[in-house]
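A.B. asks: I'd like to ask some things about the structure below.
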There are 4 protein chains.
Amino acid sequence: MQLSEEKVFKDPVHRYVHVRDLLIWDLIGTKEFQRLRRVRQLGTSYLTFHGAEHSRFNHSLGVYEIIRRIIDRFEGYENWNRNERLLCLAAALLHDVGHGPFSHSFEKVFSLDHEEWTRKIILGNTQVHEVLQRVSADFPEKVADVINKTYENKLVVSLISSQIDADRMDYLQRDAYYTGVSYGHFDMERILRVMRPTEEQAVIKKTGMHAVEDYIMSRYQMYWQVYFHPVTRSAEVILTKIFKRVKELYKTGYSFLYEPIHFYAFFEEDVSLQDYLRLDESIVLFYFQMWQEEKDEILRDLCQRFMNRKLFKYAEFNPINLAQWEELKNLFRVAGLNTDYYLVMDSSSDLPYDFYRPGEEGERVPIYLSMPNGELRELSRESEIVESISGKTRTDHKLYFPEDKINELPDDSQVKRRIMEILQG
Amino acid sequence: MQLSEEKVFKDPVHRYVHVRDLLIWDLIGTKEFQRLRRVRQLGTSYLTFHGAEHSRFNHSLGVYEIIRRIIDRFEGYENWNRNERLLCLAAALLHDVGHGPFSHSFEKVFSLDHEEWTRKIILGNTQVHEVLQRVSADFPEKVADVINKTYENKLVVSLISSQIDADRMDYLQRDAYYTGVSYGHFDMERILRVMRPTEEQAVIKKTGMHAVEDYIMSRYQMYWQVYFHPVTRSAEVILTKIFKRVKELYKTGYSFLYEPIHFYAFFEEDVSLQDYLRLDESIVLFYFQMWQEEKDEILRDLCQRFMNRKLFKYAEFNPINLAQWEELKNLFRVAGLNTDYYLVMDSSSDLPYDFYRPGEEGERVPIYLSMPNGELRELSRESEIVESISGKTRTDHKLYFPEDKINELPDDSQVKRRIMEILQG
Amino acid sequence: MQLSEEKVFKDPVHRYVHVRDLLIWDLIGTKEFQRLRRVRQLGTSYLTFHGAEHSRFNHSLGVYEIIRRIIDRFEGYENWNRNERLLCLAAALLHDVGHGPFSHSFEKVFSLDHEEWTRKIILGNTQVHEVLQRVSADFPEKVADVINKTYENKLVVSLISSQIDADRMDYLQRDAYYTGVSYGHFDMERILRVMRPTEEQAVIKKTGMHAVEDYIMSRYQMYWQVYFHPVTRSAEVILTKIFKRVKELYKTGYSFLYEPIHFYAFFEEDVSLQDYLRLDESIVLFYFQMWQEEKDEILRDLCQRFMNRKLFKYAEFNPINLAQWEELKNLFRVAGLNTDYYLVMDSSSDLPYDFYRPGEEGERVPIYLSMPNGELRELSRESEIVESISGKTRTDHKLYFPEDKINELPDDSQVKRRIMEILQG
Amino acid sequence: MQLSEEKVFKDPVHRYVHVRDLLIWDLIGTKEFQRLRRVRQLGTSYLTFHGAEHSRFNHSLGVYEIIRRIIDRFEGYENWNRNERLLCLAAALLHDVGHGPFSHSFEKVFSLDHEEWTRKIILGNTQVHEVLQRVSADFPEKVADVINKTYENKLVVSLISSQIDADRMDYLQRDAYYTGVSYGHFDMERILRVMRPTEEQAVIKKTGMHAVEDYIMSRYQMYWQVYFHPVTRSAEVILTKIFKRVKELYKTGYSFLYEPIHFYAFFEEDVSLQDYLRLDESIVLFYFQMWQEEKDEILRDLCQRFMNRKLFKYAEFNPINLAQWEELKNLFRVAGLNTDYYLVMDSSSDLPYDFYRPGEEGERVPIYLSMPNGELRELSRESEIVESISGKTRTDHKLYFPEDKINELPDDSQVKRRIMEILQG
């Protein structure tokens, strides 16, 4: 059903987001979708790039808008089934609806998976589900399948999840816009112009290869300059340790000054849909503020660090050097620091682009170019630049630790001297 | 004291924010300043413009950067006293440090004034104070005086608070950037180039008049297109009513399912600096979420509306029409609606630019042009466009109400029919 | 007839210009249209703003693209006649095809009118005509009528020529882009969204009024900051005087070292279509370069000034002061300067917006807002800002003269002293 | 000598170009520098990208401005000799002053070298020379040496000519801006921030490596998407053939309807400085227009093609395939086409970045990173992406030919069929 009049949202990245379908309008109005306003898109990145305060709500509208534009262009192509239109739009809008606050750290500590929760929100007793099933009884299931990449129409899946999908195209541009970095730009309008539907996936006309190269390079730069920024990872490390500490305290029967009632279900690993949906960043930050005054020294210290941005310092470290790692842990212990919390190895790695390796699981489909003669060729076979970075995982290892606590050791302490020696490489 | 190496923040609006002084670096690191990350610059505007999720931290850095650039250009001018440099920078950075969450509504209900709290934070027992007094014993007082516009050097005051100060220049550009609207742009670089220090204030060389006209027009457009947007005001109305309701419930001894411990001091109007600094948007939103399940129907309803963006609708209304206003209130009462909460008149008004009227209080100093012959002339005497809007207050009145509740009345209800008649003008 | 595949031009202002009709593609390929590449959009402005080197070809594509987008949105509205589509597109593309090199000055000296030549090119023996008449025998005439504002469908005319037409919307943005000034921006996408076809003209929904105000202000600023820039006018003055001098020399039988064969028809005021079309800026500049070595001192001097940017200086002057004007002329003559060439009064005036005054000729139709109740209201009745500048012609008078020649006079010369006295006001 | 007041040029790319030195102001005013306004920066690219109509004047100001900013930052560094400031600025401004119209094609046919002419303009009897020698008698020679890369201070040379010099940084951004393509962007402000002077050259702090990678990628994309665009090369091929034809006709005593007096010195290869400086694009285009009516069929045809943009079509071709090349030439001859003019092989190749290979001539110095420990390392040893494209020349071969003339052959012609077969690969 169409809206009587098209609605628009002013969007800094795509200028306007256009909504013509009542379904989409209603989905945006559900409380589960509105909740995404209270979950930041880039987690702790705002502590490095102060501009990066935008929410997942913001990004989700963007992904929807890109898909809308792609589909508008697909109309009339033989491989495009017009009946899939609403499904694509709904899946685009909802693909991140299961994200919780600071999900990277949170999921790690509490063994959660936002993709699973996305599915539950779409299929469970929610406003989202109620709106979706107005289309048809099996519509929610289809939306969940698209997001889960198990939907039978592979073309539809590829628009939402592939190595050049609407999700990535939106977040690269949006995160670049909000952080203010000069990476992240590519000619999306051109990419949309040269995208063509095939039975298996959306492919790119050969003439648009350079725009795709530019996109791959943008992605590469954004990963190393923004997403894996060492300061962001420091905040992430502290966050993870807070969750870990509070869970540990709970398990050992610690009595909190301020009771973490929102977390109990998570500690017990028995989380209902309602428990999950009550979480957002304001809930988490509320507790962090309260815990700045807890009696447990570690919890109190970590929360103060996070709230007031007194982050851990970092040093390069090669994990192969096991002996040194053991020595360091010992030195920290001698200095009175709990190495479960105050000496953290963190590794980031990125696979900027990957061609297809039969039999491997979990990989997104590669990008295919459609040649003038109709043949399809995988991108890295045509592009030297992409070939050069294709399939090469790059990893960066860093040690995080509270430099201030090391500095507090007496200047003539041998422990301090040795720690510094190791950390300054 | 200078930092050993200049630090920079990547900023989407000014490209980079540059910090060379240890004082500034340390102020940014205080917990009172970091708290501004948890207070949005535009309050409820994000419910209208999804991009407007940026914080006061973000804006404060921007104001500091503009002042820094102005001062760099002032070096060498006779009227510029180099000893005021650090004072200007600190005052620019801290001018909004007293803002609380959703301060517009919050201050109205609890009779607070963020400017007063700014002063308290600067002069009280805070990290900010501790850092400031390292410069000299009277430095905190001087910073507070600049922000309070009582500092003796009027030029310094005018940089922070005048009709063309760093505050306004930053927020117009920044809010335009984050909302994505096309207003709010003007040639700040040119304005900075033609700004000259005099004893009384910063003035603008005549040759730069057009850039200033453009700035005034940007301001005018931003007020009506963004700051006074009727949807934003709807959210603001609901917010105010939530605070009002919860205060009222408290006063009448209502027993909350979820105790608003953070608000007690505010209810009692006996707020310590510590009480004040504990508040931020995550605290407020935490309670709003809890109160969605309170037994008081009005509080519950209003909180659900705010959290899930089920806002009030609006209609034009002329407040002169007192009889109709009384009739409407009656009709709402008959329909079972509490008109203290569900029928709200809201007025916005803006004075886009004002020349000087001797004897009037509270006005910011007007903009002076420095003519080729050295004479100073007030802007509206030279610019026809500015003259045309100068001193003219524009006001807009709207009624806000829950359309859904009116719609729920039976279709043949005379009350419903009459309400609709009045509201549709 | 549609092209087998849409063609695009990369455009810095509109991102892409889209061509789907063979007619448009063929018109762009005609030699008369390609000639517009050799005529700069802003005449002598590049001597003030070095970026303003863009051609009328560039602008013409832009106007076409805006009309294309407007029409795409008009599809489906009752008042829009789909059969006018190609006509609109062709008229948009060709509306400036009759412009010659430096047409402002050139037309003044040689009593020409580019609108008349546009008509001749469309109706005469040209490739443009040949392409147009493939649509139908009367199609060229219709295109000419639209551009001439005499076409019966007033809505169609208003898209190309009104106070908010595609022509103005393109040039404001384009000239701002190429000069680099920060004026000239407005939210065209929003204006296009709120534009509605009526029988008489395109009108603007009331909700879009602010975007239109912003456009009017942009226009105002562009006129005074760019189009009437005093340095540009200085170059324009010299240009006019070169054409005047060469015509005068021809009339008096002067024998040119380098024969201006391309100009003979213009001197004789008997210009064929072919004569006209041979002119472009490279032809004019070719002669200017040659004439830098002519024996006539005035022609030589003026050409050297233009080519090497040794422009006239300017001074404010009130034309009411007739006595002083006569005195100045006398002083210049005493100083040995020909006042027909070396003392020039130049006036610029602009009417930023005008409402409708019945009975007046030559005015573009005003902008109408379409109110929620369906009523149409003229813009200045709704907008205070527009009202304030509406119908007010602003004029600026300046004197132009070769300062270097005055400076060459002996320092103790009374003539020099007096000239300086007058010119420095 | 300083100007009494700083002058600025509004620049779309760098916002403002700032001039404080009288020397620079005077150089800009020389007629040799003003002549650059009549030479387009990108030659024939405007026939592909209609926005690319900007001149070398435009670019030269930009290079000057970048150098000015670099030097401002270098002040205070030990390795920076403040006495080189004016020399750097002058060399930056003048580095392209020897460029003639369409220099790529023109120099090829007439065996010229714009670098040599730059030297002659700086050292010869010109206004530029006159202005430069006011600084000191040997100053012109020093400027020429810097541009010629023979100046003793290698750091100064590296700012103007290296793999990351001001020239390249300006043209990438400027050409991207005017064409409107989305490539060409990189964070120049960051690169300038991390640039450090050493004795031998400017180097980049390791922390800025990613900004440099982004610059290298921008350059790569601009080469293949803009500079080597096949349509631009088609126009270039025709241009070259026009010059070749006219020279050949002259040599064989052909009598021109319209005498190419400006070219005689070039035909005779005896070109004076004055001959050279008289050439600009308006001169060349003047003749091209006249020659559209020459009796020589080839010259006439080629000039009509260029002026009216009826370019050659292109086909991929592998030059290794010598037999096919001979067959094609034969077929064209049989079809009545002169293969010296109507069948052209054109190759473009680019070396995106190169490390240092001792003993090789003509290469620009590579980019060095300054590591935290003070060591210098060549970029491609640190950056995987740069390593992957380093030293790898990429070449593209195309055949250009007049498709229209082939199409005119009878449909049943075997020659036509075979030509088509070969060209369509």
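Letters for chains follow the order of the structure tokens (A, B, ...), residue numbers begin at 1 for each chain, and ligand numbers begin at 1 in the order shown.
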Tell me the residues of chain A close to chain D, meaning within 9 Å using only C-alpha atoms, as a list in words.

C.D. replies: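 Result, ordered by chain then number: Val181, Ser182, Tyr183, His185, Phe186, Asp187, His210, Ala211, Glu213, Asp214, Met217, Ser218, Gln221, Trp224, Gln225, Glu384, Ile385, Glu387, Ser388 and Ile389 of chain A.
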
A.B. asks: Using DSSP on the backbone coordinates, identify all residues within region 2-228 of chain A classified as strand (DSSP E or B); present the result as a list of chain:residue names.

C.D. replies: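 The strand (DSSP E or B) residues within region 2-228 of chain A come out as A:Gln2, A:Leu3, A:Ser4, A:Glu5, A:Glu6, A:Lys7, A:Val8, A:Phe9, A:Lys10, A:Asp11, A:Arg15, A:Tyr16, A:Val17, A:His18, A:Val19, A:Arg20, A:Asp21, A:Arg40, A:Ser55, A:Met195, A:Arg196, A:Pro197, A:Ala202, A:Val203, A:Ile204, A:Lys205.
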
A.B. asks: Could you turn the residues from that selection into a file that holds N, CA and C atoms, as a PDB file, in the first residue's frame?

C.D. replies:
ATOM      1  N   GLN A   2       0.502   2.178  -0.850  1.00  0.00           N
ATOM      2  CA  GLN A   2       1.273   3.400  -0.962  1.00  0.00           C
ATOM      3  C   GLN A   2       0.773   4.436   0.037  1.00  0.00           C
ATOM      4  N   LEU A   3       1.672   5.264   0.509  1.00  0.00           N
ATOM      5  CA  LEU A   3       1.273   6.429   1.293  1.00  0.00           C
ATOM      6  C   LEU A   3       0.548   7.411   0.377  1.00  0.00           C
ATOM      7  N   SER A   4      -0.358   8.191   0.943  1.00  0.00           N
ATOM      8  CA  SER A   4      -1.060   9.153   0.093  1.00  0.00           C
ATOM      9  C   SER A   4      -0.085  10.193  -0.449  1.00  0.00           C
ATOM     10  N   GLU A   5       0.923  10.496   0.344  1.00  0.00           N
ATOM     11  CA  GLU A   5       1.962  11.404  -0.151  1.00  0.00           C
ATOM     12  C   GLU A   5       3.316  10.905   0.315  1.00  0.00           C
ATOM     13  N   GLU A   6       4.288  10.929  -0.608  1.00  0.00           N
ATOM     14  CA  GLU A   6       5.629  10.492  -0.251  1.00  0.00           C
ATOM     15  C   GLU A   6       6.148  11.270   0.959  1.00  0.00           C
ATOM     16  N   LYS A   7       6.799  10.570   1.884  1.00  0.00           N
ATOM     17  CA  LYS A   7       7.427  11.215   3.031  1.00  0.00           C
ATOM     18  C   LYS A   7       8.934  11.256   2.791  1.00  0.00           C
ATOM     19  N   VAL A   8       9.566  12.260   3.302  1.00  0.00           N
ATOM     20  CA  VAL A   8      11.026  12.295   3.185  1.00  0.00           C
ATOM     21  C   VAL A   8      11.677  12.599   4.521  1.00  0.00           C
ATOM     22  N   PHE A   9      12.874  12.054   4.684  1.00  0.00           N
ATOM     23  CA  PHE A   9      13.731  12.400   5.804  1.00  0.00           C
ATOM     24  C   PHE A   9      14.933  13.144   5.231  1.00  0.00           C
ATOM     25  N   LYS A  10      15.303  14.248   5.855  1.00  0.00           N
ATOM     26  CA  LYS A  10      16.523  14.949   5.422  1.00  0.00           C
ATOM     27  C   LYS A  10      17.708  14.141   5.910  1.00  0.00           C
ATOM     28  N   ASP A  11      18.565  13.795   4.982  1.00  0.00           N
ATOM     29  CA  ASP A  11      19.708  12.974   5.360  1.00  0.00           C
ATOM     30  C   ASP A  11      21.001  13.619   4.870  1.00  0.00           C
ATOM     31  N   ARG A  15      21.155  13.082   1.031  1.00  0.00           N
ATOM     32  CA  ARG A  15      20.316  14.273   0.858  1.00  0.00           C
ATOM     33  C   ARG A  15      18.876  14.037   1.330  1.00  0.00           C
ATOM     34  N   TYR A  16      18.164  13.113   0.714  1.00  0.00           N
ATOM     35  CA  TYR A  16      16.834  12.775   1.211  1.00  0.00           C
ATOM     36  C   TYR A  16      16.649  11.260   1.217  1.00  0.00           C
ATOM     37  N   VAL A  17      15.942  10.771   2.205  1.00  0.00           N
ATOM     38  CA  VAL A  17      15.495   9.382   2.236  1.00  0.00           C
ATOM     39  C   VAL A  17      14.000   9.426   1.907  1.00  0.00           C
ATOM     40  N   HIS A  18      13.601   8.685   0.907  1.00  0.00           N
ATOM     41  CA  HIS A  18      12.227   8.753   0.398  1.00  0.00           C
ATOM     42  C   HIS A  18      11.422   7.530   0.832  1.00  0.00           C
ATOM     43  N   VAL A  19      10.243   7.754   1.365  1.00  0.00           N
ATOM     44  CA  VAL A  19       9.387   6.638   1.766  1.00  0.00           C
ATOM     45  C   VAL A  19       8.037   6.759   1.080  1.00  0.00           C
ATOM     46  N   ARG A  20       7.684   5.750   0.311  1.00  0.00           N
ATOM     47  CA  ARG A  20       6.399   5.772  -0.391  1.00  0.00           C
ATOM     48  C   ARG A  20       5.452   4.680   0.102  1.00  0.00           C
ATOM     49  N   ASP A  21       6.025   3.684   0.801  1.00  0.00           N
ATOM     50  CA  ASP A  21       5.226   2.523   1.197  1.00  0.00           C
ATOM     51  C   ASP A  21       4.803   2.619   2.648  1.00  0.00           C
ATOM     52  N   ARG A  40      24.622   3.693  19.357  1.00  0.00           N
ATOM     53  CA  ARG A  40      25.502   4.372  18.408  1.00  0.00           C
ATOM     54  C   ARG A  40      26.027   3.412  17.342  1.00  0.00           C
ATOM     55  N   SER A  55      23.710   7.280  15.265  1.00  0.00           N
ATOM     56  CA  SER A  55      23.113   6.036  15.746  1.00  0.00           C
ATOM     57  C   SER A  55      22.883   5.017  14.628  1.00  0.00           C
ATOM     58  N   MET A 195      25.304  -1.182 -11.942  1.00  0.00           N
ATOM     59  CA  MET A 195      24.905  -2.427 -11.293  1.00  0.00           C
ATOM     60  C   MET A 195      23.808  -3.088 -12.128  1.00  0.00           C
ATOM     61  N   ARG A 196      23.930  -4.396 -12.311  1.00  0.00           N
ATOM     62  CA  ARG A 196      22.943  -5.110 -13.114  1.00  0.00           C
ATOM     63  C   ARG A 196      22.493  -6.367 -12.381  1.00  0.00           C
ATOM     64  N   PRO A 197      21.217  -6.671 -12.439  1.00  0.00           N
ATOM     65  CA  PRO A 197      20.749  -7.894 -11.791  1.00  0.00           C
ATOM     66  C   PRO A 197      21.044  -9.131 -12.633  1.00  0.00           C
ATOM     67  N   ALA A 202      23.823  -9.260  -7.847  1.00  0.00           N
ATOM     68  CA  ALA A 202      24.029  -8.022  -8.593  1.00  0.00           C
ATOM     69  C   ALA A 202      25.481  -7.996  -9.056  1.00  0.00           C
ATOM     70  N   VAL A 203      25.687  -7.679 -10.325  1.00  0.00           N
ATOM     71  CA  VAL A 203      27.054  -7.591 -10.845  1.00  0.00           C
ATOM     72  C   VAL A 203      27.298  -6.173 -11.362  1.00  0.00           C
ATOM     73  N   ILE A 204      28.551  -5.911 -11.702  1.00  0.00           N
ATOM     74  CA  ILE A 204      28.957  -4.557 -12.085  1.00  0.00           C
ATOM     75  C   ILE A 204      29.441  -4.571 -13.539  1.00  0.00           C
ATOM     76  N   LYS A 205      28.924  -3.661 -14.337  1.00  0.00           N
ATOM     77  CA  LYS A 205      29.429  -3.560 -15.705  1.00  0.00           C
ATOM     78  C   LYS A 205      30.911  -3.204 -15.690  1.00  0.00           C
TER      79      LYS A 205
END

A.B. asks: Please provide as a PyMOL selection string all residues within 12 Å of region 298-302 of chain C, with the sequence filter that same-chain residues fewer than 5 positions apart are discarded (counting only C-alpha atoms).

C.D. replies: chain C and resi 234-250+254+256-258+287-293+307-312+337-342+401-402+405

A.B. asks: Limited to C-alpha atoms, could you put the picked residues into a file as a PDB file, in the first residue's frame?

C.D. replies:
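Saved as selection_18.pdb:
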ATOM      1  CA  SER C 234      36.272  47.402 -15.316  1.00  0.00           C
ATOM      2  CA  ALA C 235      37.194  44.664 -17.778  1.00  0.00           C
ATOM      3  CA  GLU C 236      33.761  45.021 -19.340  1.00  0.00           C
ATOM      4  CA  VAL C 237      34.272  48.766 -19.747  1.00  0.00           C
ATOM      5  CA  ILE C 238      37.554  48.224 -21.562  1.00  0.00           C
ATOM      6  CA  LEU C 239      36.014  45.576 -23.772  1.00  0.00           C
ATOM      7  CA  THR C 240      33.201  47.886 -24.771  1.00  0.00           C
ATOM      8  CA  LYS C 241      35.635  50.635 -25.556  1.00  0.00           C
ATOM      9  CA  ILE C 242      37.730  48.331 -27.751  1.00  0.00           C
ATOM     10  CA  PHE C 243      34.686  47.428 -29.829  1.00  0.00           C
ATOM     11  CA  LYS C 244      33.656  51.073 -29.971  1.00  0.00           C
ATOM     12  CA  ARG C 245      37.140  52.163 -31.038  1.00  0.00           C
ATOM     13  CA  VAL C 246      37.538  49.592 -33.757  1.00  0.00           C
ATOM     14  CA  LYS C 247      34.122  50.418 -35.159  1.00  0.00           C
ATOM     15  CA  GLU C 248      34.924  54.109 -35.108  1.00  0.00           C
ATOM     16  CA  LEU C 249      38.271  53.550 -36.809  1.00  0.00           C
ATOM     17  CA  TYR C 250      36.579  51.478 -39.493  1.00  0.00           C
ATOM     18  CA  TYR C 254      41.452  53.736 -40.836  1.00  0.00           C
ATOM     19  CA  PHE C 256      44.305  48.290 -39.994  1.00  0.00           C
ATOM     20  CA  LEU C 257      47.638  46.504 -39.883  1.00  0.00           C
ATOM     21  CA  TYR C 258      45.620  43.441 -39.244  1.00  0.00           C
ATOM     22  CA  TYR C 287      42.178  40.122 -32.974  1.00  0.00           C
ATOM     23  CA  PHE C 288      42.813  41.640 -29.575  1.00  0.00           C
ATOM     24  CA  GLN C 289      46.221  40.078 -29.597  1.00  0.00           C
ATOM     25  CA  MET C 290      46.973  41.416 -33.086  1.00  0.00           C
ATOM     26  CA  TRP C 291      45.700  44.867 -32.211  1.00  0.00           C
ATOM     27  CA  GLN C 292      48.162  45.143 -29.364  1.00  0.00           C
ATOM     28  CA  GLU C 293      50.492  46.234 -32.140  1.00  0.00           C
ATOM     29  CA  MET C 307      45.045  40.979 -22.678  1.00  0.00           C
ATOM     30  CA  ASN C 308      47.456  41.646 -19.850  1.00  0.00           C
ATOM     31  CA  ARG C 309      44.841  42.588 -17.273  1.00  0.00           C
ATOM     32  CA  LYS C 310      45.973  46.140 -16.712  1.00  0.00           C
ATOM     33  CA  LEU C 311      42.439  47.260 -15.937  1.00  0.00           C
ATOM     34  CA  PHE C 312      40.985  50.638 -15.095  1.00  0.00           C
ATOM     35  CA  LEU C 337      43.154  61.811 -22.167  1.00  0.00           C
ATOM     36  CA  ASN C 338      40.310  61.134 -24.556  1.00  0.00           C
ATOM     37  CA  THR C 339      37.275  61.058 -22.256  1.00  0.00           C
ATOM     38  CA  ASP C 340      35.282  58.952 -24.679  1.00  0.00           C
ATOM     39  CA  TYR C 341      37.612  56.117 -23.756  1.00  0.00           C
ATOM     40  CA  TYR C 342      39.387  56.970 -20.546  1.00  0.00           C
ATOM     41  CA  PHE C 401      39.707  55.421 -15.464  1.00  0.00           C
ATOM     42  CA  PRO C 402      43.377  54.524 -16.069  1.00  0.00           C
ATOM     43  CA  LYS C 405      48.031  57.493 -16.691  1.00  0.00           C
TER      44      LYS C 405
END

A.B. asks: List the spatial neighbours of Ser413 (chain D) as a compact mmCIF listing (two decimals) with N, CA and C atoms, in the first residue's frame - criterion: any atom at most 12 Å away, only C-alpha atoms, same-chain residues fewer than 5 positions off excluded.

C.D. replies:
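Final output, part-v7.txt:
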# COMPACT_ATOMS: atom_id res chain seq x y z
N LEU D 331 43.54 -2.66 -45.61
CA LEU D 331 42.09 -2.54 -45.80
C LEU D 331 41.67 -1.07 -45.83
N VAL D 334 42.63 0.40 -49.13
CA VAL D 334 41.68 -0.06 -50.15
C VAL D 334 40.37 0.74 -50.05
N ALA D 335 40.00 1.06 -48.81
CA ALA D 335 38.76 1.83 -48.61
C ALA D 335 38.96 3.30 -48.93
N ILE D 406 33.96 4.48 -42.33
CA ILE D 406 33.85 3.03 -42.56
C ILE D 406 32.38 2.68 -42.80
N ASN D 407 31.51 3.29 -42.01
CA ASN D 407 30.08 3.02 -42.16
C ASN D 407 29.55 3.40 -43.55
N GLU D 408 30.21 4.40 -44.15
CA GLU D 408 29.75 4.85 -45.47
C GLU D 408 30.02 3.83 -46.57
N ARG D 418 35.42 -7.03 -43.11
CA ARG D 418 36.66 -7.49 -42.49
C ARG D 418 37.20 -6.46 -41.47
N ILE D 419 37.09 -5.19 -41.81
CA ILE D 419 37.53 -4.13 -40.85
C ILE D 419 36.75 -4.26 -39.55
N MET D 420 35.45 -4.39 -39.72
CA MET D 420 34.59 -4.50 -38.52
C MET D 420 34.98 -5.72 -37.68

A.B. asks: Please determine, counting only C-alpha atoms, which residue among B:Leu279, B:Ile24, B:Ile422, B:Leu155 has the shortest atom-to-atom distance to Ala323 (chain B).

C.D. replies: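 Of B:Leu279, B:Ile24, B:Ile422, B:Leu155, the one nearest Ala323 (chain B) is B:Ile422, counting only C-alpha atoms.
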
A.B. asks: Could you tell me how far CA of Val63 (chain D) sits from CA of Lys108 (chain D), in Å to one decimal place?

C.D. replies: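 CA of Val63 (chain D) lies 25.7 Å from CA of Lys108 (chain D).
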
A.B. asks: Could you work out how far CA of Arg35 (chain B) lies from CA of Val135 (chain B), giving the answer in Å with one decimal?

C.D. replies: 23.0 Å

A.B. asks: What's around Gly208 (chain B) at 7 Å? Count only C-alpha atoms, leave out sequence neighbours fewer than 4 positions away in its own chain, and write the answer as a PyMOL selection string.

C.D. replies: chain B and resi 191+194+204+212

A.B. asks: Considering only C-alpha atoms, can you say which of A:Phe332, A:Phe139, A:Tyr178, A:Phe106 comes closest to His50 (chain A)?

C.D. replies: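 Nearest to His50 (chain A): A:Tyr178.
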
A.B. asks: Residues at most 10 Å from Asp165 (chain A), counting only C-alpha atoms, excluding those fewer than 5 positions away in the same chain, as a list in words?

C.D. replies: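 Listing them by chain and then by number gives Val63, Ile66, Ile67, Val157, Ser158, Leu159, Ile160, Asp170, Ala202, Arg364 and Ile367 of chain A.
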
A.B. asks: Since we have the selection now, will you write its residues out, keeping N, CA and C atoms, as a compact mmCIF listing (two decimals), in the first residue's frame?

C.D. replies:
# COMPACT_ATOMS: atom_id res chain seq x y z
N VAL A 63 20.73 2.59 4.57
CA VAL A 63 20.78 1.32 3.82
C VAL A 63 19.47 1.12 3.06
N ILE A 66 19.49 3.32 -0.08
CA ILE A 66 20.33 2.82 -1.17
C ILE A 66 19.62 1.68 -1.89
N ILE A 67 19.06 0.75 -1.13
CA ILE A 67 18.33 -0.36 -1.75
C ILE A 67 17.17 0.17 -2.59
N VAL A 157 19.44 -11.51 -1.73
CA VAL A 157 20.40 -11.61 -0.63
C VAL A 157 21.64 -10.76 -0.91
N SER A 158 22.11 -10.81 -2.15
CA SER A 158 23.37 -10.12 -2.49
C SER A 158 23.26 -8.60 -2.34
N LEU A 159 22.05 -8.07 -2.47
CA LEU A 159 21.90 -6.62 -2.32
C LEU A 159 22.17 -6.18 -0.88
N ILE A 160 21.81 -7.08 0.05
CA ILE A 160 21.97 -6.75 1.48
C ILE A 160 23.30 -7.25 2.03
N ASP A 170 26.58 2.24 2.54
CA ASP A 170 26.11 3.29 3.43
C ASP A 170 27.10 3.58 4.55
N ALA A 202 23.82 -9.26 -7.85
CA ALA A 202 24.03 -8.02 -8.59
C ALA A 202 25.48 -8.00 -9.06
N ARG A 364 31.48 -13.74 2.25
CA ARG A 364 30.54 -13.03 1.39
C ARG A 364 30.91 -13.28 -0.07
N ILE A 367 32.83 -9.94 -5.87
CA ILE A 367 32.24 -9.00 -6.84
C ILE A 367 32.54 -9.51 -8.25

A.B. asks: Give me every helix (DSSP H, G or I) residue in region 237-340 of chain C, going by DSSP on the backbone, as a PyMOL selection string.

C.D. replies: chain C and resi 237-251+261-267+273-278+281-291+297-307+322-334+339-340
